[in-house]
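Enquirer: So here's model.txt, just compact mmCIF, C-alpha atoms and all ligand atoms:
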# COMPACT_ATOMS: atom_id res chain seq x y z
CA MET J 1 -122.06 81.95 162.53
CA LEU J 2 -123.60 81.02 159.20
CA LYS J 3 -121.04 81.54 156.41
CA ILE J 4 -122.23 81.95 152.84
CA GLY J 5 -119.81 82.02 149.92
CA ILE J 6 -120.66 84.16 146.91
CA THR J 7 -118.98 83.88 143.55
CA GLY J 8 -119.48 84.42 139.84
CA GLY J 9 -117.41 84.83 136.72
CA ILE J 10 -115.53 88.01 135.94
CA GLY J 11 -118.05 90.81 135.35
CA SER J 12 -121.01 88.76 136.61
CA GLY J 13 -121.64 91.45 139.22
CA LYS J 14 -120.81 89.60 142.42
CA THR J 15 -119.35 92.73 144.05
CA THR J 16 -122.45 94.69 143.03
CA VAL J 17 -124.67 91.99 144.60
CA CYS J 18 -122.55 92.03 147.77
CA LYS J 19 -123.06 95.80 148.10
CA VAL J 20 -126.82 95.15 148.29
CA PHE J 21 -126.27 92.60 151.08
CA GLU J 22 -124.08 95.17 152.86
CA ILE J 23 -126.95 97.68 152.74
CA LEU J 24 -129.01 95.05 154.59
CA GLY J 25 -126.32 95.01 157.30
CA ILE J 26 -124.60 91.79 156.25
CA PRO J 27 -120.80 91.88 156.64
CA VAL J 28 -118.89 90.85 153.50
CA PHE J 29 -115.34 89.47 153.39
CA TYR J 30 -113.86 90.37 149.99
CA ALA J 31 -111.33 87.53 149.61
CA ASP J 32 -109.61 88.87 146.48
CA THR J 33 -109.03 92.30 148.03
CA VAL J 34 -107.79 90.71 151.26
CA ALA J 35 -105.44 88.44 149.29
CA LYS J 36 -103.80 91.49 147.68
CA GLU J 37 -103.38 93.14 151.09
CA LEU J 38 -101.94 89.97 152.64
CA MET J 39 -99.31 89.73 149.89
CA VAL J 40 -97.63 92.78 151.45
CA SER J 41 -98.60 92.37 155.11
CA ASP J 42 -98.67 88.67 156.12
CA PRO J 43 -95.15 87.68 157.28
CA ILE J 44 -95.71 83.94 156.65
CA LEU J 45 -97.01 84.58 153.13
CA ILE J 46 -94.24 87.05 152.31
CA ALA J 47 -91.58 84.59 153.48
CA GLY J 48 -93.19 81.84 151.40
CA VAL J 49 -93.32 83.99 148.26
CA LYS J 50 -89.68 85.03 148.67
CA SER J 51 -88.63 81.45 149.17
CA ALA J 52 -90.61 80.20 146.15
CA PHE J 53 -90.02 83.04 143.70
CA GLY J 54 -86.91 84.84 145.01
CA THR J 55 -86.31 87.89 147.19
CA VAL J 56 -86.70 90.00 144.06
CA SER J 57 -90.47 89.36 144.47
CA TYR J 58 -90.48 92.43 146.73
CA THR J 59 -88.86 95.82 146.39
CA GLU J 60 -86.64 97.15 149.18
CA SER J 61 -89.57 99.18 150.52
CA GLY J 62 -91.70 96.01 150.74
CA LYS J 63 -93.87 96.54 147.68
CA LEU J 64 -94.84 93.48 145.65
CA ASN J 65 -92.96 93.13 142.36
CA ASN J 66 -96.09 92.32 140.37
CA GLN J 67 -94.24 92.15 137.07
CA HIS J 68 -91.82 89.54 138.38
CA ILE J 69 -94.57 87.34 139.86
CA ALA J 70 -96.77 87.71 136.77
CA SER J 71 -93.91 86.77 134.46
CA ILE J 72 -93.46 83.51 136.40
CA VAL J 73 -97.07 82.42 136.95
CA PHE J 74 -98.63 83.69 133.71
CA ASN J 75 -99.32 80.68 131.50
CA ASN J 76 -97.45 78.37 133.89
CA GLN J 77 -99.98 76.24 135.74
CA ILE J 78 -97.44 74.63 138.09
CA GLU J 79 -96.03 77.98 139.25
CA LEU J 80 -99.55 79.41 139.56
CA GLU J 81 -100.55 76.49 141.77
CA LYS J 82 -97.43 77.07 143.86
CA LEU J 83 -98.49 80.71 144.40
CA ASN J 84 -102.08 79.71 145.17
CA ALA J 85 -100.87 77.14 147.70
CA LEU J 86 -99.24 80.04 149.57
CA VAL J 87 -102.01 82.63 149.17
CA HIS J 88 -105.10 80.51 149.84
CA PRO J 89 -104.11 79.34 153.37
CA ALA J 90 -103.26 82.95 154.26
CA VAL J 91 -106.72 84.07 153.10
CA PHE J 92 -108.34 81.18 155.00
CA ARG J 93 -106.54 82.30 158.18
CA ALA J 94 -107.63 85.91 157.62
CA PHE J 95 -111.23 84.80 157.00
CA ASP J 96 -111.29 82.78 160.22
CA SER J 97 -110.02 85.66 162.29
CA TRP J 98 -112.42 88.10 160.53
CA VAL J 99 -115.39 85.83 161.33
CA SER J 100 -114.34 85.73 164.98
CA THR J 101 -114.71 89.54 165.15
CA ILE J 102 -118.32 89.54 163.90
CA PRO J 103 -120.86 90.26 166.66
CA LYS J 104 -123.10 87.31 167.60
CA LYS J 105 -126.26 89.24 166.71
CA VAL J 106 -125.27 89.28 163.00
CA PRO J 107 -127.37 86.54 161.35
CA TYR J 108 -124.86 85.48 158.69
CA THR J 109 -121.76 86.61 156.78
CA LEU J 110 -120.74 86.51 153.13
CA LYS J 111 -117.38 85.55 151.66
CA GLU J 112 -116.95 86.94 148.15
CA ALA J 113 -114.30 85.21 146.02
CA ALA J 114 -113.87 84.97 142.25
CA LEU J 115 -112.36 81.49 142.59
CA LEU J 116 -114.54 80.20 145.43
CA PHE J 117 -115.06 76.82 143.76
CA GLU J 118 -111.72 76.63 141.93
CA SER J 119 -109.73 77.29 145.15
CA GLY J 120 -111.76 74.87 147.27
CA SER J 121 -112.61 77.67 149.72
CA TYR J 122 -116.34 76.98 149.26
CA GLN J 123 -115.73 74.07 151.65
CA MET J 124 -115.34 76.59 154.47
CA CYS J 125 -118.84 77.94 153.75
CA ASP J 126 -122.20 76.52 154.79
CA TYR J 127 -123.88 77.51 151.52
CA THR J 128 -122.90 79.18 148.26
CA ILE J 129 -124.46 81.71 145.90
CA LEU J 130 -123.58 81.91 142.21
CA VAL J 131 -124.10 85.20 140.37
CA THR J 132 -124.66 84.60 136.67
CA ALA J 133 -124.91 86.73 133.54
CA PRO J 134 -124.56 86.00 129.82
CA VAL J 135 -120.95 85.84 128.62
CA ALA J 136 -121.37 88.73 126.16
CA LEU J 137 -122.77 90.97 128.91
CA LYS J 138 -119.95 90.05 131.31
CA ILE J 139 -117.36 90.88 128.65
CA ALA J 140 -119.03 94.22 127.84
CA ARG J 141 -119.21 95.18 131.54
CA VAL J 142 -115.54 94.45 132.21
CA MET J 143 -114.38 96.17 129.00
CA GLU J 144 -116.27 99.26 130.14
CA ARG J 145 -115.22 99.07 133.81
CA ASP J 146 -111.51 98.29 133.29
CA GLN J 147 -111.02 99.88 129.84
CA VAL J 148 -109.55 96.63 128.48
CA SER J 149 -109.97 94.69 125.23
CA GLU J 150 -112.31 91.77 124.64
CA ALA J 151 -109.27 89.47 124.30
CA GLN J 152 -107.95 90.60 127.70
CA VAL J 153 -111.29 89.85 129.37
CA MET J 154 -111.49 86.46 127.67
CA ALA J 155 -107.97 85.56 128.78
CA ARG J 156 -109.07 86.17 132.39
CA MET J 157 -112.35 84.31 131.84
CA ASP J 158 -110.50 81.26 130.49
CA LYS J 159 -108.84 80.75 133.89
CA GLN J 160 -112.22 80.37 135.62
CA PHE J 161 -114.78 77.55 135.64
CA THR J 162 -117.74 78.20 133.35
CA ASP J 163 -121.13 79.12 134.83
CA GLU J 164 -122.33 75.62 133.90
CA GLN J 165 -119.52 74.02 135.94
CA LYS J 166 -120.10 76.35 138.89
CA ALA J 167 -123.90 75.93 138.79
CA LYS J 168 -123.48 72.25 139.65
CA MET J 169 -121.71 73.25 142.88
CA ALA J 170 -123.87 76.22 143.96
CA ASP J 171 -126.85 76.23 146.34
CA TYR J 172 -128.42 79.60 145.46
CA PHE J 173 -128.40 81.80 142.36
CA VAL J 174 -128.68 85.46 141.41
CA GLN J 175 -129.30 86.21 137.74
CA ASN J 176 -127.72 89.56 136.99
CA THR J 177 -128.87 90.38 133.49
CA ASN J 178 -130.04 93.86 132.58
CA ASP J 179 -133.68 92.68 132.74
CA THR J 180 -133.64 91.13 136.20
CA SER J 181 -133.88 92.91 139.54
CA VAL J 182 -130.84 92.13 141.64
CA ILE J 183 -132.34 93.93 144.63
CA LEU J 184 -135.49 91.78 144.66
CA GLN J 185 -133.44 88.59 144.33
CA VAL J 186 -131.15 89.63 147.18
CA LEU J 187 -134.14 90.50 149.40
CA GLU J 188 -135.59 87.07 148.74
CA LEU J 189 -132.30 85.31 149.54
CA HIS J 190 -131.86 87.44 152.66
CA GLN J 191 -135.26 86.26 153.96
CA GLN J 192 -134.32 82.65 153.23
CA PHE J 193 -130.98 82.97 155.04
CA LEU J 194 -132.67 84.57 158.07
CA SER J 195 -134.93 81.55 158.33
CA LEU J 196 -132.15 78.97 158.06
P1 LIG J 201 -114.78 90.96 138.89
O1 LIG J 201 -114.74 89.49 139.07
O2 LIG J 201 -114.09 91.41 137.66
O3 LIG J 201 -114.33 91.71 140.12
P2 LIG J 201 -117.61 91.27 139.54
O4 LIG J 201 -118.28 89.97 139.29
O5 LIG J 201 -117.32 91.63 140.97
O6 LIG J 201 -116.32 91.39 138.64
P3 LIG J 201 -118.84 93.86 139.36
O7 LIG J 201 -117.58 94.64 139.53
O8 LIG J 201 -119.84 93.86 140.45
O9 LIG J 201 -118.52 92.38 138.88
O10 LIG J 201 -119.60 94.34 138.03
C1 LIG J 201 -118.89 94.54 136.82
C2 LIG J 201 -119.32 95.86 136.20
O11 LIG J 201 -120.68 95.75 135.76
C3 LIG J 201 -119.28 97.03 137.18
O12 LIG J 201 -118.85 98.18 136.52
C4 LIG J 201 -120.73 97.16 137.65
O13 LIG J 201 -121.03 98.46 138.01
C5 LIG J 201 -121.49 96.71 136.40
N1 LIG J 201 -122.75 96.04 136.74
C6 LIG J 201 -122.90 94.93 137.48
N2 LIG J 201 -124.19 94.58 137.57
C7 LIG J 201 -124.89 95.50 136.88
C8 LIG J 201 -126.29 95.70 136.58
N3 LIG J 201 -127.23 94.87 137.02
N4 LIG J 201 -126.63 96.76 135.83
C9 LIG J 201 -125.69 97.61 135.37
N5 LIG J 201 -124.36 97.47 135.59
C10 LIG J 201 -123.96 96.44 136.34
What is this file in structure tokens?
Ligand code: ATP

Expert:
Amino acid sequence: MLKIGITGGIGSGKTTVCKVFEILGIPVFYADTVAKELMVSDPILIAGVKSAFGTVSYTESGKLNNQHIASIVFNNQIELEKLNALVHPAVFRAFDSWVSTIPKKVPYTLKEAALLFESGSYQMCDYTILVTAPVALKIARVMERDQVSEAQVMARMDKQFTDEQKAKMADYFVQNTNDTSVILQVLELHQQFLSL
């Protein structure tokens, strides 16, 4: 099964692009959504988080204590890497078992992840797509979507590689400005992937 990773900076529109692929019948694994689900459902991950950050990381009913985790990993690179070292393998396992459920007749799958390159998970993909948009547009989109300040968006952006860094690692591109047609670009990529 051909596996294609798709990424892009915050607000680039990678989820929007994935929805177009889904309309074409291509299954999409949303790694960031799955990671959040695994934090409260994967026994190995839960045990690892409790061992690394204390049993207080979860409430008695099993909910994640987001505030506690955030207070430890926010602005602490070593602790953040410790958390990532627990979460990423759990997501890799989930991706593998998800791929194994995809019917053989499906021509390819997509793995959407904000930190596809930063986490190294692009290595599990055959090819990668980078969704790009100008920084000002990305900021405006996220401010509107999440009702947050420019500074809050930029703080999240600072934790990601720049488009220039990611472009060096990507195989295919979608430009998601307001003047470009995402649908046409996706249709073109879809044809290319079918012929691979
Ligand atoms: P994040 O990394 O924060 O999850 P993302 O890269 O997945 O972001 P989206 O959620 O797809 O980005 O898009 C961000 C916002 O911009 C959404 O509200 C989406 O509807 C809007 N948006 C994306 N692309 C376009 C477009 N071409 N035209 C208009 N709005 C768009």

Enquirer: Around ligand LIG 201 (chain J), out to 10 Å and counting all atoms listed in the file, which residues are there? I want them as an MDAnalysis selection string.

Expert: chainID J and resid 6:19 30 32:33 112:115 131:133 137:146 153 156:157 175:183

Enquirer: Please determine, counting only C-alpha atoms, which residue among J:Ser97, J:Asn84, J:Ser195, J:Asn75 has the shortest atom-to-atom distance to Phe29 of chain J.

Expert: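 Counting only C-alpha atoms, the residue closest to Phe29 of chain J is J:Ser97.
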
Enquirer: For atom CA of Thr55 of chain J and atom CA of Ile69 of chain J, determine how far apart the two atoms are, in Å to one decimal place.

Expert: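 Interatomic distance, atom CA of Thr55 of chain J to atom CA of Ile69 of chain J: 11.1 Å.
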
Enquirer: In Å, with one decimal, what is the gap from atom CA of His68 of chain J to atom CA of Val56 of chain J?

Expert: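 Atom-to-atom, atom CA of His68 of chain J and atom CA of Val56 of chain J are spaced 7.7 Å apart.
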
Enquirer: Between atom CA of Met124 of chain J and atom CA of Lys166 of chain J, what is the spacing in Å?

Expert: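 Those two atoms sit 16.3 Å apart.
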
Enquirer: Pick from J:Glu81, J:Ser121, J:Asp158, J:Lys168: nearest to Asp96 of chain J, with all atoms listed in the file counted?

Expert: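 Of all the options, J:Ser121 lies closest to Asp96 of chain J.
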
Enquirer: When you look at segment 24-28 of chain J with a cut-off of 12 Å (counting all atoms listed in the file), what residues show up, excluding the ones that are within fewer than 6 positions of it in the same chain? I need them as a PyMOL selection string.

Expert: chain J and resi 1-6+14-18+34+95+98-99+101-103+105-113+183+186-191+193-194

Enquirer: Which one of J:Leu80, J:Val174, J:Ala31, J:Leu38 sits closest to Phe53 of chain J if you count all atoms listed in the file?

Expert: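 Closest residue, counting all atoms listed in the file: J:Leu80.
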
Enquirer: Taking into account only C-alpha atoms, which residue in the set J:Asp171, J:Glu37, J:Asp42, J:Glu164 is nearest to Asp126 of chain J?

Expert: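 Ranking J:Asp171, J:Glu37, J:Asp42, J:Glu164 by distance to Asp126 of chain J, first place goes to J:Asp171.
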
Enquirer: Which is closer to Ile129 of chain J than all the others in J:Val73, J:Met39, J:Val20, J:Leu116, using only C-alpha atoms?

Expert: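 Looking at the shortest contact to Ile129 of chain J, the residue is J:Leu116.
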
Enquirer: Restricting the calculation to all atoms listed in the file: of J:Gln192, J:Glu79, J:Val135, J:Gly48, which residue gets closest to Glu150 of chain J?

Expert: J:Val135

Enquirer: Take the point (-103.0, 81.8, 150.8) in the file's coordinates, draw a sphere of radius 10 Å around it, and report as a list of chain:residue names every protein, DNA or RNA residue with an atom inside or on it, counting only C-alpha atoms.

Expert: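 Those within range, by chain then number, are J:Ala35, J:Leu38, J:Met39, J:Asp42, J:Ile44, J:Leu45, J:Gly48, J:Leu83, J:Asn84, J:Ala85, J:Leu86, J:Val87, J:His88, J:Pro89, J:Ala90, J:Val91, J:Phe92, J:Arg93, J:Ala94, J:Ser119.
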
Enquirer: Output segment 6-17 of chain J as a short mmCIF file (atom, residue, chain, number, x, y, z; two decimals), keeping the file's coordinate frame, making sure all heavy atoms are there.

Expert:
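Result saved to out_10.cif:
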data_model
loop_
_atom_site.label_atom_id
_atom_site.label_comp_id
_atom_site.auth_asym_id
_atom_site.auth_seq_id
_atom_site.Cartn_x
_atom_site.Cartn_y
_atom_site.Cartn_z
N ILE J 6 -120.01 83.61 148.11
CA ILE J 6 -120.66 84.16 146.91
C ILE J 6 -119.60 84.33 145.82
O ILE J 6 -118.52 84.84 146.07
CB ILE J 6 -121.42 85.48 147.22
CG1 ILE J 6 -122.03 86.06 145.93
CG2 ILE J 6 -120.58 86.49 147.95
CD1 ILE J 6 -123.12 87.10 146.20
N THR J 7 -119.94 83.83 144.65
CA THR J 7 -118.98 83.88 143.55
C THR J 7 -119.70 84.13 142.24
O THR J 7 -120.93 84.26 142.19
CB THR J 7 -118.15 82.57 143.51
OG1 THR J 7 -117.07 82.73 142.59
CG2 THR J 7 -118.99 81.37 143.09
N GLY J 8 -118.94 84.17 141.18
CA GLY J 8 -119.48 84.42 139.84
C GLY J 8 -118.31 84.75 138.95
O GLY J 8 -117.25 85.17 139.43
N GLY J 9 -118.48 84.55 137.66
CA GLY J 9 -117.41 84.83 136.72
C GLY J 9 -117.07 86.32 136.70
O GLY J 9 -117.82 87.15 137.23
N ILE J 10 -115.96 86.63 136.11
CA ILE J 10 -115.53 88.01 135.94
C ILE J 10 -116.66 88.82 135.28
O ILE J 10 -117.23 88.38 134.28
CB ILE J 10 -114.23 88.07 135.12
CG1 ILE J 10 -113.81 89.50 134.87
CG2 ILE J 10 -114.31 87.30 133.81
CD1 ILE J 10 -112.43 89.62 134.25
N GLY J 11 -117.02 89.93 135.91
CA GLY J 11 -118.05 90.81 135.35
C GLY J 11 -119.48 90.34 135.60
O GLY J 11 -120.43 90.98 135.14
N SER J 12 -119.65 89.26 136.35
CA SER J 12 -121.01 88.76 136.61
C SER J 12 -121.77 89.75 137.51
O SER J 12 -123.00 89.81 137.46
CB SER J 12 -120.96 87.39 137.28
OG SER J 12 -120.23 87.47 138.50
N GLY J 13 -121.01 90.48 138.32
CA GLY J 13 -121.64 91.45 139.22
C GLY J 13 -121.68 91.01 140.67
O GLY J 13 -122.48 91.50 141.45
N LYS J 14 -120.77 90.09 141.04
CA LYS J 14 -120.81 89.60 142.42
C LYS J 14 -120.54 90.72 143.43
O LYS J 14 -121.18 90.75 144.49
CB LYS J 14 -119.88 88.40 142.64
CG LYS J 14 -118.45 88.64 142.27
CD LYS J 14 -117.69 87.34 142.19
CE LYS J 14 -116.36 87.56 141.51
NZ LYS J 14 -116.47 88.06 140.12
N THR J 15 -119.62 91.63 143.12
CA THR J 15 -119.35 92.73 144.05
C THR J 15 -120.58 93.63 144.17
O THR J 15 -120.95 94.06 145.27
CB THR J 15 -118.13 93.55 143.57
OG1 THR J 15 -117.04 92.66 143.39
CG2 THR J 15 -117.73 94.61 144.59
N THR J 16 -121.24 93.87 143.04
CA THR J 16 -122.45 94.69 143.03
C THR J 16 -123.53 94.04 143.91
O THR J 16 -124.18 94.71 144.72
CB THR J 16 -122.97 94.83 141.57
OG1 THR J 16 -121.89 95.34 140.77
CG2 THR J 16 -124.17 95.73 141.47
N VAL J 17 -123.69 92.72 143.79
CA VAL J 17 -124.67 91.99 144.60
C VAL J 17 -124.29 92.09 146.08
O VAL J 17 -125.15 92.31 146.94
CB VAL J 17 -124.76 90.51 144.13
CG1 VAL J 17 -125.59 89.68 145.09
CG2 VAL J 17 -125.33 90.44 142.72
#
